[in-house]
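Participant: Structure incoming, see below.
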Amino acid sequence: MNLKDKYIDFFVSKGHKQIPSAPVVPENDPSVLFNTAGMQPLIPYLMGETHPLGTRLVDYQKCIRTTDLDEVGDMTHHTFFEMLGNWSLGDYFKKESISWSFEFLTKVLNIPVNRLAVTVFKGDDKVPYDKEAHDLWLNLGISEGHIASTTEDNFWAAGETGPCGTDTEIFYFRSDEDIPEVFDTEDDRWVEIWNNVFMQFKRNKDGSIENLPKKNVDTGMGYERVVAVLEGKTDNYTSSLWIDVIKLIESISNKKYIGNEESMRIIADHIRTAVFILADDAKIKPSNKDQGYIVRRLIRRAIRHAKKLGIEINSNWEQEIAELIISKYSNYYEELIRNKKDVLEALNKEKNKFNKTLEKGLKEFEKISDKDIDGITAFHLFDTYGFPLELTIELAKEKNLKVDIEGYNQKFKEHQELSRNSSQGKFKGGLAGDSEIETRYHTATHLLNAALKVVVSPDCHQMGSNITTERMRFDFNCDHKLSDEEKKKVEDLVNKWIKEELPVTKEEMTKQEAIDSGAECMFIEKYPDIVTVYSIGDVSKELCGGPHVKNTKEIGEFKIKKEESSSQGIRRIKAVIK
Ligand code: SER
């Protein structure tokens, strides 16, 4: 039986109900492109909502992380991975969580106790040292020398705000050398295999921490990593999870893995992730936007590396790899079978599309790459030859050249505005196609966002919005229906700010600077590297593409027309300005 099945069976035997993996594209959460952790789809329940299947849950969750996309090619990075997790929603806590992890590792997986080490929370000015976790491990038989403590690595939070808590991380000694008596967290022969988070707090926007209604447990075990570690592989791509895919790529390319690792890993990883995105019921297709852009980048990067390996791009290579991946995973994810035809078609279509210009684009790149690549050239490669910016950067890197990313972003934005204006049939300076009334609504949206944080909860964030010339619609996370009093207070506060004639100012900065400045940074993944941050007096600061009015007095009077449920945990406000 494989690790995934053993894990599920074990926790089912401890009273857990198995829940299916949520889709890779989150339902009802436009703030992120993909599910990035097992706990993400469970956030409402960790915050206190009742789960229909009870208080003990177990699952394997499909996750996609694209922040490390360009790292793929080494031994351990993947853009798609599965996370095994068991959950207590206000049910058991540290004692059971720790002893079951110990039992699973030592009795089911038969790992010798001295191969394991753990870390616990060291304590800081807000939360004390986790002596309880330390003592539990000690009583189970982990030696004192194998229990370390840290502050940074033993506090886990889903993001700046939201559910969080101290954790205990479990490490496995993967080397054949003698196992040290004292566990050194810096010694990379110890590999983290499991993280048990004792999720009992929520963090507010101002950094303060308060108790959640219930104490929860959220654990996460990265499947590909643990399979590799247990099989004694330092290169994940040589574990039993991957080896047949790598072998297939060897046979298609007629090359050996040794010596061609980077390209083969990129092809294997990227085609697998593309298959899972395309098979999702969200019906994503390659495009220049959001998830569609990610899948396009993955496919195009895989194609470029296939070419590097000398694979005949017009052959069926990507279909063969995709079919193998589908057959490997279809027992666990039925959508792969259900949507197989769409997946294969989309891959083929995107391949043909890119293949038409790839050769010419590479030639063009050779011609121009005697010096650093400016923004206009990078945009030309994108616009004419379909080179995602990241591909240009990768090609440039191979030649030690720089790419003017800011210049590219600027060009990209101009182009978008141009096509938006022309598709709407309007060309006018300044407002990039948005009418004056829409611009006023847009600034009102920021004020409403800020007012909800003051009146309802600092944890309220924008989850979506839609503006027409007639009204604005604003979705935000909130666990209750707003009372009449709350609505009135929100409305009054927005109108107060409008009357205060607050200036609206705009700054450009990197994403990191935006985060550090404390700006509201929802949907950050969707923005280019250089972002604009709009401030309204000192009541609001948000990352946003604009446009906005110059002063709040231009907005007019703000009135909430309706407040209703949009989906689970999300409320919707419809408002007008006069
Ligand atoms: N939320 C924790 C993690 O992602 C445990 O699941 O590591």
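All residue names refer to the structure tokens as shown: chains lettered A, B, ... in order, residues numbered from 1 in each chain, ligands numbered from 1 in order.
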Could you give me, as CSV, a per-residue list for chain A showing, wherever an atom lies at most 7 Å from an atom of ligand 1, the closest pair of atoms and their distance in Å to one decimal, using only C-alpha atoms and all ligand atoms and sorting by chain then residue number from low to high?
Facilitator:
```
residue,atom,partner,partner_atom_place_in_ligand_line,distance
A:Ala37,CA,ligand 1,4 (O),5.0
A:Gly38,CA,ligand 1,6 (O),5.7
A:Met39,CA,ligand 1,1 (N),5.4
A:Gly85,CA,ligand 1,6 (O),6.1
A:Trp156,CA,ligand 1,2 (C),6.6
A:Ala158,CA,ligand 1,1 (N),6.7
A:Asn195,CA,ligand 1,5 (C),5.2
A:Asn196,CA,ligand 1,5 (C),5.9
A:Val197,CA,ligand 1,5 (C),5.7
A:Asp218,CA,ligand 1,6 (O),5.1
A:Thr219,CA,ligand 1,6 (O),4.0
A:Gly220,CA,ligand 1,6 (O),3.3
A:Met221,CA,ligand 1,6 (O),6.9
```
Participant: Pull the strand (DSSP E or B) assignments for segment 216-323 of chain A out of DSSP run on the backbone, and list those residues as a ChimeraX atom specification.
Facilitator: /A:216-222
Participant: Using the selection just defined, write its residues with N, CA, C and O atoms as a PDB file, in the first residue's frame.
Facilitator:
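The resulting file, part20.pdb, is reproduced below:
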```pdb
ATOM      1  N   ASN A 216      -7.887  24.169  17.178  1.00  0.00           N
ATOM      2  CA  ASN A 216      -7.850  23.217  16.059  1.00  0.00           C
ATOM      3  C   ASN A 216      -6.463  22.625  15.881  1.00  0.00           C
ATOM      4  O   ASN A 216      -5.489  23.174  16.378  1.00  0.00           O
ATOM      5  N   VAL A 217      -6.415  21.541  15.122  1.00  0.00           N
ATOM      6  CA  VAL A 217      -5.123  21.010  14.684  1.00  0.00           C
ATOM      7  C   VAL A 217      -5.136  20.968  13.162  1.00  0.00           C
ATOM      8  O   VAL A 217      -6.126  20.546  12.557  1.00  0.00           O
ATOM      9  N   ASP A 218      -4.059  21.430  12.560  1.00  0.00           N
ATOM     10  CA  ASP A 218      -3.899  21.398  11.104  1.00  0.00           C
ATOM     11  C   ASP A 218      -2.536  20.779  10.847  1.00  0.00           C
ATOM     12  O   ASP A 218      -1.532  21.337  11.239  1.00  0.00           O
ATOM     13  N   THR A 219      -2.507  19.617  10.231  1.00  0.00           N
ATOM     14  CA  THR A 219      -1.183  19.062   9.942  1.00  0.00           C
ATOM     15  C   THR A 219      -0.975  18.955   8.443  1.00  0.00           C
ATOM     16  O   THR A 219      -1.939  18.839   7.678  1.00  0.00           O
ATOM     17  N   GLY A 220       0.266  19.005   8.034  1.00  0.00           N
ATOM     18  CA  GLY A 220       0.566  18.925   6.608  1.00  0.00           C
ATOM     19  C   GLY A 220       1.829  18.127   6.368  1.00  0.00           C
ATOM     20  O   GLY A 220       2.849  18.345   7.019  1.00  0.00           O
ATOM     21  N   MET A 221       1.719  17.158   5.451  1.00  0.00           N
ATOM     22  CA  MET A 221       2.876  16.344   5.086  1.00  0.00           C
ATOM     23  C   MET A 221       3.011  16.386   3.565  1.00  0.00           C
ATOM     24  O   MET A 221       2.076  16.023   2.843  1.00  0.00           O
ATOM     25  N   GLY A 222       4.120  16.910   3.083  1.00  0.00           N
ATOM     26  CA  GLY A 222       4.329  17.018   1.630  1.00  0.00           C
ATOM     27  C   GLY A 222       4.612  15.636   1.048  1.00  0.00           C
ATOM     28  O   GLY A 222       5.620  15.008   1.352  1.00  0.00           O
TER      29      GLY A 222
END
```
Participant: With a distance cut-off of 8 Å and only C-alpha atoms, select the neighbouring residues of segment 307-312 of chain A, excluding the residue or stretch itself and same-chain residues fewer than 5 positions from it, and output the selection as a ChimeraX atom specification.
Facilitator: /A:252-253,255,260,263,317
Participant: Excluding Leu447 of chain A and residues on its chain fewer than 2 positions from it, collect all residues at most 12 Å away from it, counting only C-alpha atoms, and give them as a compact mmCIF listing (two decimals) with C-alpha atoms, in the first residue's frame.
Facilitator:
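Final output, result_18.txt:
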```txt
# COMPACT_ATOMS: atom_id res chain seq x y z
CA ARG A 440 -15.53 57.66 -8.60
CA TYR A 441 -16.99 54.25 -7.80
CA HIS A 442 -13.53 52.78 -7.86
CA THR A 443 -12.25 55.14 -5.15
CA ALA A 444 -15.43 54.56 -3.15
CA THR A 445 -14.58 50.85 -3.20
CA ASN A 449 -12.96 48.36 2.19
CA ALA A 450 -11.31 50.58 4.81
CA ALA A 451 -14.59 51.32 6.60
CA LEU A 452 -15.48 47.63 6.90
CA LYS A 453 -12.16 47.04 8.61
CA VAL A 454 -12.91 49.76 11.16
CA GLN A 462 -12.03 42.50 -0.51
CA PHE A 474 -18.27 44.61 -3.28
CA VAL A 490 -20.04 51.89 7.48
CA GLU A 491 -22.04 54.26 5.34
CA ASP A 492 -21.49 57.16 7.74
CA LEU A 493 -17.77 56.55 7.93
CA VAL A 494 -17.38 56.48 4.14
CA ASN A 495 -19.37 59.73 3.87
CA LYS A 496 -17.31 61.30 6.65
CA TRP A 497 -14.12 60.54 4.72
CA ILE A 498 -15.66 61.92 1.54
CA LEU A 502 -8.96 63.53 1.54
CA VAL A 504 -5.76 60.39 -3.22
CA TYR A 534 -3.01 54.22 -3.88
CA SER A 535 -3.38 56.01 -0.55
CA ILE A 536 -6.42 57.97 0.54
CA GLY A 537 -5.36 60.41 3.28
CA ASP A 538 -4.25 58.03 5.97
CA VAL A 539 -7.42 55.97 5.99
CA SER A 540 -6.61 53.59 3.16
CA LYS A 541 -3.59 52.21 1.36
CA GLU A 542 -4.14 49.59 -1.32
CA HIS A 548 -8.90 56.97 -9.04
CA ASN A 551 -9.74 63.90 -3.96
CA THR A 552 -12.54 62.10 -2.11
CA ILE A 555 -17.03 60.94 -5.12
CA PHE A 558 -22.31 57.11 -0.73
```
Participant: Determine the nearest neighbour of Gly386 of chain A from the options A:Asp153, A:Asp130, A:Glu359, A:Glu224, counting only C-alpha atoms.
Facilitator: A:Glu359
Participant: Please, what distance in Å, to one decimal, runs between atom CA of Ile267 of chain A and atom CA of Gln319 of chain A?
Facilitator: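 Distance reported for this atom pair: 12.2 Å.
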Participant: Would you kindly return, as number ranges by chain, each protein, DNA or RNA residue with an atom no farther than 12 Å from any atom of Ile271 of chain A, considering only C-alpha atoms and excluding same-chain residues fewer than 2 positions away?
Facilitator: A: 78-80, 245-246, 249, 263-269, 273-279, 294-303, 305-306, 317-326, 343-344, 346-348, 351
Participant: From the list A:Ile560, A:Ile8, A:Ala378, A:Ala22, which residue is nearest Cys63 of chain A when using only C-alpha atoms?
Facilitator: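 Among A:Ile560, A:Ile8, A:Ala378, A:Ala22, it is A:Ala22 that comes nearest to Cys63 of chain A.
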Participant: What does the structure give for the distance between atom CA of Asn2 of chain A and atom CA of Trp190 of chain A, in Å to one decimal?
Facilitator: 22.8 Å
Participant: Residues within 9 Å of Tyr7 of chain A, please, as an NGL selection string. Count only C-alpha atoms; anything in the same chain fewer than 2 positions from it doesn't count.
Facilitator: :A and (2-5 or 9-12 or 58-59 or 84-85 or 104 or 108)
Participant: If you run DSSP on the backbone, which residues of segment 372-514 of chain A are helix (DSSP H, G or I), as a VMD selection string?
Facilitator: chain A and resid 375 to 385 389 to 398 405 to 423 436 to 455 484 to 499 511 to 514
Participant: Tell me which of A:Gly15, A:Gly162, A:Gly145, A:Gly518 sits closest to Pro180 of chain A, counting only C-alpha atoms.
Facilitator: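 Of A:Gly15, A:Gly162, A:Gly145, A:Gly518, the one nearest Pro180 of chain A is A:Gly145, counting only C-alpha atoms.
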Participant: Quick check, in Å to one decimal: how far apart do atom CA of Phe412 of chain A and atom CA of Leu389 of chain A lie?
Facilitator: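 Going from atom CA of Phe412 of chain A over to atom CA of Leu389 of chain A, I get 10.2 Å.
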Participant: Using only C-alpha atoms, determine which residues lie at most 7 Å from segment 392-403 of chain A, disregarding the query and same-chain residues fewer than 4 positions distant; provide the list as a ChimeraX atom specification.
Facilitator: /A:371-374,378,387-388
Participant: For the residues in that selection, give me all heavy atoms as a PDB file, in the first residue's frame.
Facilitator:
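New file again_22.pdb:
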```
ATOM      1  N   LYS A 371      23.152  42.179 -26.351  1.00  0.00           N
ATOM      2  CA  LYS A 371      23.156  43.129 -25.237  1.00  0.00           C
ATOM      3  C   LYS A 371      21.914  42.887 -24.359  1.00  0.00           C
ATOM      4  O   LYS A 371      21.042  42.087 -24.743  1.00  0.00           O
ATOM      5  CB  LYS A 371      23.167  44.563 -25.766  1.00  0.00           C
ATOM      6  CG  LYS A 371      22.023  44.862 -26.727  1.00  0.00           C
ATOM      7  CD  LYS A 371      22.077  46.328 -27.127  1.00  0.00           C
ATOM      8  CE  LYS A 371      20.938  46.804 -27.981  1.00  0.00           C
ATOM      9  NZ  LYS A 371      20.272  45.983 -28.923  1.00  0.00           N
ATOM     10  N   ASP A 372      21.855  43.583 -23.199  1.00  0.00           N
ATOM     11  CA  ASP A 372      20.692  43.433 -22.325  1.00  0.00           C
ATOM     12  C   ASP A 372      19.401  43.703 -23.095  1.00  0.00           C
ATOM     13  O   ASP A 372      19.382  44.477 -24.043  1.00  0.00           O
ATOM     14  CB  ASP A 372      20.798  44.401 -21.130  1.00  0.00           C
ATOM     15  CG  ASP A 372      21.875  43.947 -20.153  1.00  0.00           C
ATOM     16  OD1 ASP A 372      22.333  42.791 -20.284  1.00  0.00           O
ATOM     17  OD2 ASP A 372      22.258  44.742 -19.272  1.00  0.00           O
ATOM     18  N   ILE A 373      18.322  43.064 -22.633  1.00  0.00           N
ATOM     19  CA  ILE A 373      17.061  43.157 -23.381  1.00  0.00           C
ATOM     20  C   ILE A 373      16.208  44.284 -22.797  1.00  0.00           C
ATOM     21  O   ILE A 373      15.836  44.240 -21.619  1.00  0.00           O
ATOM     22  CB  ILE A 373      16.256  41.839 -23.241  1.00  0.00           C
ATOM     23  CG1 ILE A 373      17.152  40.597 -23.390  1.00  0.00           C
ATOM     24  CG2 ILE A 373      15.056  41.815 -24.171  1.00  0.00           C
ATOM     25  CD1 ILE A 373      17.596  40.287 -24.771  1.00  0.00           C
ATOM     26  N   ASP A 374      15.880  45.283 -23.616  1.00  0.00           N
ATOM     27  CA  ASP A 374      15.052  46.366 -23.078  1.00  0.00           C
ATOM     28  C   ASP A 374      13.570  45.963 -23.099  1.00  0.00           C
ATOM     29  O   ASP A 374      13.186  44.941 -23.658  1.00  0.00           O
ATOM     30  CB  ASP A 374      15.297  47.674 -23.848  1.00  0.00           C
ATOM     31  CG  ASP A 374      14.954  47.537 -25.315  1.00  0.00           C
ATOM     32  OD1 ASP A 374      13.969  46.851 -25.629  1.00  0.00           O
ATOM     33  OD2 ASP A 374      15.682  48.103 -26.172  1.00  0.00           O
ATOM     34  N   ALA A 378      11.506  42.940 -25.105  1.00  0.00           N
ATOM     35  CA  ALA A 378      10.880  41.832 -24.359  1.00  0.00           C
ATOM     36  C   ALA A 378       9.398  41.769 -24.696  1.00  0.00           C
ATOM     37  O   ALA A 378       8.835  40.685 -24.883  1.00  0.00           O
ATOM     38  CB  ALA A 378      11.081  42.032 -22.864  1.00  0.00           C
ATOM     39  N   PHE A 387       6.405  34.690 -26.513  1.00  0.00           N
ATOM     40  CA  PHE A 387       7.321  34.353 -25.423  1.00  0.00           C
ATOM     41  C   PHE A 387       6.828  34.968 -24.122  1.00  0.00           C
ATOM     42  O   PHE A 387       6.858  36.192 -23.978  1.00  0.00           O
ATOM     43  CB  PHE A 387       8.731  34.915 -25.705  1.00  0.00           C
ATOM     44  CG  PHE A 387       9.548  34.078 -26.631  1.00  0.00           C
ATOM     45  CD1 PHE A 387       8.951  33.271 -27.585  1.00  0.00           C
ATOM     46  CD2 PHE A 387      10.939  34.088 -26.547  1.00  0.00           C
ATOM     47  CE1 PHE A 387       9.708  32.494 -28.451  1.00  0.00           C
ATOM     48  CE2 PHE A 387      11.702  33.310 -27.401  1.00  0.00           C
ATOM     49  CZ  PHE A 387      11.087  32.520 -28.357  1.00  0.00           C
ATOM     50  N   PRO A 388       6.392  34.155 -23.170  1.00  0.00           N
ATOM     51  CA  PRO A 388       6.075  34.744 -21.867  1.00  0.00           C
ATOM     52  C   PRO A 388       7.324  35.459 -21.349  1.00  0.00           C
ATOM     53  O   PRO A 388       8.447  35.009 -21.624  1.00  0.00           O
ATOM     54  CB  PRO A 388       5.741  33.538 -20.989  1.00  0.00           C
ATOM     55  CG  PRO A 388       5.422  32.423 -21.942  1.00  0.00           C
ATOM     56  CD  PRO A 388       6.227  32.703 -23.171  1.00  0.00           C
TER      57      PRO A 388
END
```
Participant: Pick out the closest residue to Thr185 of chain A from this set: A:Ala157, A:Glu486, A:Lys562, A:His146. Count only C-alpha atoms.
Facilitator: A:His146
